[in-house]
Each structure stands twice: as C-alpha cells, then as structure tokens.
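J.: What follows is a single structure, and I will ask about it in a moment.
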Amino acid sequence: AYFNGEVPFIKIPDMHGNTFVFDSADSLTELGSNSQSNKTLPPKSICVSCIATVGLVIMNAKTAQTNQQINSIIPDKDIYRYFLYLKMLTMKDELLAMASGGTATDNLNTSDFSNIDIVIPPETLLGEFDDRVSSMFEKIFINQTQIRTLAQLRDTLLPRLMSGEVRVK
C-alpha cells in the first residue's frame with residue numbers, strides 16, 4: 001500500500017548523470033509518503049549520496065523522499081540553493097575522506113554530514129551569484145523536461161511505427 005504511487009522515492013541509482021531527478025525507479029503512494037512525512041523534501045532540495053557511492057549530488061524536481069543512503073539539504077533561502085548545490089559538487093573528495101570504510105562500503109553518517117562547515121558568502125554576493133546562475137539552472141531544468149517528453153513520445157510512437165500500426169507518408 002506504500003509503493004507504486006506518485007511520490008518519487010529517490011535512491012542512488014536514480015542520481016547518476018542527473019542535475020534534477022524528476023522520476024525514480026521506485027515511488028511512494030500518498031499513504032506511504034504520509035507514513036514518514038518528516039522525510040518529505042520540497043522541490044529543488046539538494047540530495048547527496050553518503051553511503052557506497054559517496055558524493056553524488058542532485059536536486060529533486062518535485063516533492064520527493066529519499067532512502068537512508070542519501071542526506072538532503074533544504075536551503076533556508078532560495079539564494080542559497082545553487083551555491084550549495086555547486087559547493088557540494090566540489091566536495092566529493094572531502095566527503096569521501098570523511099566517510100568511514102565499513103566492511104564493504106564507505107559510509108558518511110548523518111551526524112558527520114550535518115556538521116560539515118561551509119563558508120557562506122555575504123547575502124549581497126550570494127544574491128549576485130544567484131542572479132547569474134539561476135537562469136542556467138532553469139535552462140537545465142527545462143531541457144531535462146523536454147528530453148523526458150521526447151523520450152516518452154519516442155517510446156509511445158516507435159512500437160506503433162515498427163508494428164505498422166502507424167505509417168509515415
């Protein structure tokens with residue numbers, strides 16, 4: 001009753017090669033999402049993998065939840081979002097160094113992740129930075145949306161074209 005709904009349940013495999021994650025291999029129903037509502041992430045939260053494949057960074061495109069292998073940052077102010085996203089991308093080596101190697105996998109625990117010090121520039125400088133990069137991130141978001149639409153169209157039309165159900169003149 002908790003799975004196969006509309007709320008993306010992001011796991012590490014969903015993060016590879018993405019800036020924004022729109023959909024995930026697994027999803028939660030409203031009942032499943034409500035059962036752990038304190039883990040609900042608003043759109044464009046910053047998600048960082050901290051177990052096994054340490055240091056992958058994405059933003060969720062819509063309201064989502066993640067599994068325990070991912071720690072997330074919900075910026076207090078929108079002007080922090082892209083600065084923190086890019087900062088986390090540059091910290092992969094530091095995150096790996098902080099992760100303790102278990103018997104099989106690296107693990108950066110939530111407590112250590114929560115205690116990472118990040119120097120935040122003055123808000124005026126952050127505002128200028130956000131003004132410059134937010135349009136680029138919006139373009140990435142729009143491009144990823146269009147790619148998804150085209151892929152869905154391809155996946156719908158191709159089988160119909162191959163079977164002869166649809167013909168091109």
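Ligands are numbered from 1 in the order shown, residues from 1 within each chain, and chains are lettered A, B, ... in the order they appear in the structure tokens.
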Which residues of range 69-100 of chain A come within 12 Å of range 13-22 of chain A, and for each one, what is the closest pair of atoms and their distance in Å to one decimal, counting only C-alpha atoms, sorted by chain and residue number, as JSON lines?
T.:
```
{"residue": "A:Gln69", "atom": "CA", "partner": "A:Pro13", "partner_atom": "CA", "distance": 11.0}
{"residue": "A:Ile70", "atom": "CA", "partner": "A:Met15", "partner_atom": "CA", "distance": 10.0}
{"residue": "A:Tyr82", "atom": "CA", "partner": "A:Thr19", "partner_atom": "CA", "distance": 11.0}
{"residue": "A:Tyr85", "atom": "CA", "partner": "A:Thr19", "partner_atom": "CA", "distance": 9.4}
{"residue": "A:Leu86", "atom": "CA", "partner": "A:Thr19", "partner_atom": "CA", "distance": 10.5}
{"residue": "A:Leu89", "atom": "CA", "partner": "A:Thr19", "partner_atom": "CA", "distance": 10.5}
```
J.: Save the residues we just selected, C-alpha atoms, as an mmCIF file, in the first residue's frame?
T.:
```
data_model
loop_
_atom_site.group_PDB
_atom_site.id
_atom_site.type_symbol
_atom_site.label_atom_id
_atom_site.label_comp_id
_atom_site.auth_asym_id
_atom_site.auth_seq_id
_atom_site.Cartn_x
_atom_site.Cartn_y
_atom_site.Cartn_z
ATOM 1 C CA GLN A 69 21.702 6.378 1.803
ATOM 2 C CA ILE A 70 21.026 9.994 0.854
ATOM 3 C CA TYR A 82 22.570 26.782 -6.373
ATOM 4 C CA TYR A 85 24.458 22.540 -4.917
ATOM 5 C CA LEU A 86 27.670 23.594 -6.649
ATOM 6 C CA LEU A 89 29.643 19.005 -6.148
#
```
J.: For Thr90 in chain A, find every residue with an atom within 10 Å (counting only C-alpha atoms), except residues of its own chain fewer than 6 positions away, and show them as a PyMOL selection string.
T.: chain A and resi 55+57+84
J.: Mind giving me the straight-line distance from CA of Ile51 in chain A to CA of Phe83 in chain A in Å, one decimal?
T.: 23.2 Å
J.: Pick out each residue of range 60-132 of chain A that DSSP on the backbone tags as strand (DSSP E); I need them as a ChimeraX atom specification.
T.: /A:60,65-66,70-73,100-101,106-107
J.: Quick one: write out the picked residues with N, CA, C and O atoms as a JSON list (two decimals), in the first residue's frame?
T.:
```json
[["chain", "number", "residue", "atom", "x", "y", "z"],
["A", 60, "ASN", "N", 15.98, 17.33, -6.43],
["A", 60, "ASN", "CA", 14.73, 16.69, -6.82],
["A", 60, "ASN", "C", 13.87, 17.72, -7.55],
["A", 60, "ASN", "O", 13.76, 18.86, -7.13],
["A", 65, "GLN", "N", 10.90, 11.88, -1.65],
["A", 65, "GLN", "CA", 11.56, 11.34, -0.48],
["A", 65, "GLN", "C", 12.75, 10.53, -0.96],
["A", 65, "GLN", "O", 12.83, 10.16, -2.13],
["A", 66, "THR", "N", 13.71, 10.29, -0.05],
["A", 66, "THR", "CA", 14.89, 9.52, -0.41],
["A", 66, "THR", "C", 15.06, 8.37, 0.58],
["A", 66, "THR", "O", 14.48, 8.38, 1.65],
["A", 70, "ILE", "N", 20.93, 8.64, 1.38],
["A", 70, "ILE", "CA", 21.03, 9.99, 0.85],
["A", 70, "ILE", "C", 20.69, 10.99, 1.95],
["A", 70, "ILE", "O", 19.68, 10.86, 2.63],
["A", 71, "ASN", "N", 21.57, 11.97, 2.14],
["A", 71, "ASN", "CA", 21.30, 13.08, 3.05],
["A", 71, "ASN", "C", 20.89, 14.27, 2.20],
["A", 71, "ASN", "O", 21.39, 14.44, 1.08],
["A", 72, "SER", "N", 20.01, 15.09, 2.74],
["A", 72, "SER", "CA", 19.48, 16.20, 1.95],
["A", 72, "SER", "C", 19.61, 17.52, 2.67],
["A", 72, "SER", "O", 19.60, 17.58, 3.90],
["A", 73, "ILE", "N", 19.73, 18.57, 1.86],
["A", 73, "ILE", "CA", 19.81, 19.94, 2.36],
["A", 73, "ILE", "C", 18.60, 20.69, 1.81],
["A", 73, "ILE", "O", 18.39, 20.72, 0.59],
["A", 100, "SER", "N", 33.67, 6.73, 6.56],
["A", 100, "SER", "CA", 34.43, 5.62, 7.14],
["A", 100, "SER", "C", 34.18, 4.39, 6.29],
["A", 100, "SER", "O", 33.05, 4.09, 5.93],
["A", 101, "GLY", "N", 35.25, 3.71, 5.94],
["A", 101, "GLY", "CA", 35.12, 2.49, 5.16],
["A", 101, "GLY", "C", 34.65, 1.36, 6.04],
["A", 101, "GLY", "O", 35.34, 0.97, 6.98],
["A", 106, "ASP", "N", 31.83, 2.56, 1.81],
["A", 106, "ASP", "CA", 32.06, 3.82, 2.51],
["A", 106, "ASP", "C", 30.74, 4.31, 3.09],
["A", 106, "ASP", "O", 29.67, 4.08, 2.52],
["A", 107, "ASN", "N", 30.83, 5.02, 4.21],
["A", 107, "ASN", "CA", 29.62, 5.49, 4.88],
["A", 107, "ASN", "C", 29.91, 6.82, 5.57],
["A", 107, "ASN", "O", 30.70, 6.88, 6.49]]
```
J.: Of the residues A:Phe3, A:Thr40, A:Arg148, A:Cys47, which is the one nearest to Asp26 in chain A, using only C-alpha atoms?
T.: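 Looking only at the distances to Asp26 in chain A, the closest residue turns out to be A:Phe3.
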J.: Which neighbours of range 116-130 of chain A fall inside 10 Å, counting only C-alpha atoms, when residues of the same chain fewer than 5 positions from it are skipped, and could you give them as a VMD selection string?
T.: chain A and resid 78 to 84 87 to 88 94 to 95 98 111 135 to 137
J.: For N, CA and C atoms, I'd like the residues from the last selection saved as an mmCIF file, in the first residue's frame.
T.:
```cif
data_model
loop_
_atom_site.group_PDB
_atom_site.id
_atom_site.type_symbol
_atom_site.label_atom_id
_atom_site.label_comp_id
_atom_site.auth_asym_id
_atom_site.auth_seq_id
_atom_site.Cartn_x
_atom_site.Cartn_y
_atom_site.Cartn_z
ATOM 1 N N ASP A 78 16.087 30.762 -1.025
ATOM 2 C CA ASP A 78 16.326 30.332 -2.403
ATOM 3 C C ASP A 78 17.702 30.726 -2.914
ATOM 4 N N ILE A 79 18.246 31.855 -2.450
ATOM 5 C CA ILE A 79 19.554 32.292 -2.971
ATOM 6 C C ILE A 79 20.689 31.376 -2.535
ATOM 7 N N TYR A 80 20.444 30.496 -1.569
ATOM 8 C CA TYR A 80 21.466 29.534 -1.135
ATOM 9 C C TYR A 80 21.518 28.294 -2.037
ATOM 10 N N ARG A 81 20.399 28.004 -2.704
ATOM 11 C CA ARG A 81 20.215 26.722 -3.388
ATOM 12 C C ARG A 81 21.359 26.355 -4.345
ATOM 13 N N TYR A 82 21.595 27.163 -5.344
ATOM 14 C CA TYR A 82 22.570 26.782 -6.373
ATOM 15 C C TYR A 82 24.001 26.897 -5.870
ATOM 16 N N PHE A 83 24.242 27.831 -4.954
ATOM 17 C CA PHE A 83 25.556 27.906 -4.326
ATOM 18 C C PHE A 83 25.850 26.600 -3.588
ATOM 19 N N LEU A 84 24.899 26.139 -2.775
ATOM 20 C CA LEU A 84 25.098 24.901 -2.003
ATOM 21 C C LEU A 84 25.193 23.683 -2.914
ATOM 22 N N LYS A 87 28.618 23.857 -4.429
ATOM 23 C CA LYS A 87 29.609 23.609 -3.379
ATOM 24 C C LYS A 87 29.691 22.121 -3.062
ATOM 25 N N MET A 88 28.538 21.467 -2.937
ATOM 26 C CA MET A 88 28.545 20.028 -2.640
ATOM 27 C C MET A 88 29.191 19.240 -3.778
ATOM 28 N N GLU A 94 36.370 15.520 -0.296
ATOM 29 C CA GLU A 94 36.240 15.730 1.148
ATOM 30 C C GLU A 94 35.210 14.773 1.752
ATOM 31 N N LEU A 95 34.109 14.592 1.059
ATOM 32 C CA LEU A 95 33.073 13.678 1.544
ATOM 33 C C LEU A 95 33.607 12.256 1.619
ATOM 34 N N MET A 98 35.843 11.879 4.572
ATOM 35 C CA MET A 98 35.089 11.847 5.832
ATOM 36 C C MET A 98 34.379 10.514 6.044
ATOM 37 N N SER A 111 25.214 12.367 11.128
ATOM 38 C CA SER A 111 25.770 13.293 12.116
ATOM 39 C C SER A 111 26.988 14.023 11.553
ATOM 40 N N SER A 135 19.339 31.334 -14.026
ATOM 41 C CA SER A 135 18.809 31.160 -15.389
ATOM 42 C C SER A 135 19.439 29.938 -16.060
ATOM 43 N N MET A 136 20.696 29.651 -15.747
ATOM 44 C CA MET A 136 21.348 28.460 -16.314
ATOM 45 C C MET A 136 20.709 27.182 -15.760
ATOM 46 N N PHE A 137 20.438 27.177 -14.461
ATOM 47 C CA PHE A 137 19.797 26.011 -13.863
ATOM 48 C C PHE A 137 18.360 25.853 -14.365
#
```
J.: Excluding Asn38 in chain A and any residue of its chain fewer than 3 positions from it, enumerate the residues within 12 Å of it, using only C-alpha atoms, and give them as a PDB file with N, CA and C atoms, in the first residue's frame.
T.:
```pdb
ATOM      1  N   GLY A  32       2.066   6.016   1.797  1.00  0.00           N
ATOM      2  CA  GLY A  32       3.473   5.740   2.094  1.00  0.00           C
ATOM      3  C   GLY A  32       4.235   7.004   2.422  1.00  0.00           C
ATOM      4  N   SER A  33       3.988   8.055   1.659  1.00  0.00           N
ATOM      5  CA  SER A  33       4.650   9.333   1.903  1.00  0.00           C
ATOM      6  C   SER A  33       4.237   9.909   3.257  1.00  0.00           C
ATOM      7  N   ASN A  34       2.959   9.828   3.561  1.00  0.00           N
ATOM      8  CA  ASN A  34       2.463  10.361   4.837  1.00  0.00           C
ATOM      9  C   ASN A  34       2.967   9.565   6.031  1.00  0.00           C
ATOM     10  N   SER A  35       3.326   8.297   5.818  1.00  0.00           N
ATOM     11  CA  SER A  35       3.802   7.472   6.930  1.00  0.00           C
ATOM     12  C   SER A  35       5.160   7.940   7.443  1.00  0.00           C
ATOM     13  N   LEU A  41      10.756  15.994   0.979  1.00  0.00           N
ATOM     14  CA  LEU A  41      11.624  17.068   0.511  1.00  0.00           C
ATOM     15  C   LEU A  41      10.868  17.968  -0.457  1.00  0.00           C
ATOM     16  N   PRO A  42      10.899  19.269  -0.230  1.00  0.00           N
ATOM     17  CA  PRO A  42      10.292  20.172  -1.209  1.00  0.00           C
ATOM     18  C   PRO A  42      11.119  20.161  -2.496  1.00  0.00           C
ATOM     19  N   ALA A  64       9.539  14.919  -3.109  1.00  0.00           N
ATOM     20  CA  ALA A  64      10.066  13.551  -3.141  1.00  0.00           C
ATOM     21  C   ALA A  64      10.504  13.128  -1.750  1.00  0.00           C
ATOM     22  N   GLN A  65      10.899  11.877  -1.655  1.00  0.00           N
ATOM     23  CA  GLN A  65      11.563  11.338  -0.476  1.00  0.00           C
ATOM     24  C   GLN A  65      12.755  10.530  -0.964  1.00  0.00           C
ATOM     25  N   THR A  66      13.708  10.291  -0.055  1.00  0.00           N
ATOM     26  CA  THR A  66      14.892   9.517  -0.411  1.00  0.00           C
ATOM     27  C   THR A  66      15.057   8.369   0.577  1.00  0.00           C
TER      28      THR A  66
END
```
J.: Give me, as an MDAnalysis selection string, the residues of chain A that a backbone DSSP run labels alpha helix (DSSP H).
T.: chainID A and resid 12:15 30:34 78:90 92:98 110:114 123:163
J.: CA of Phe9 in chain A and CA of Ala99 in chain A, how far apart in Å?
T.: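 About the pair CA of Ala99 in chain A and CA of Phe9 in chain A: they are 23.6 Å apart.
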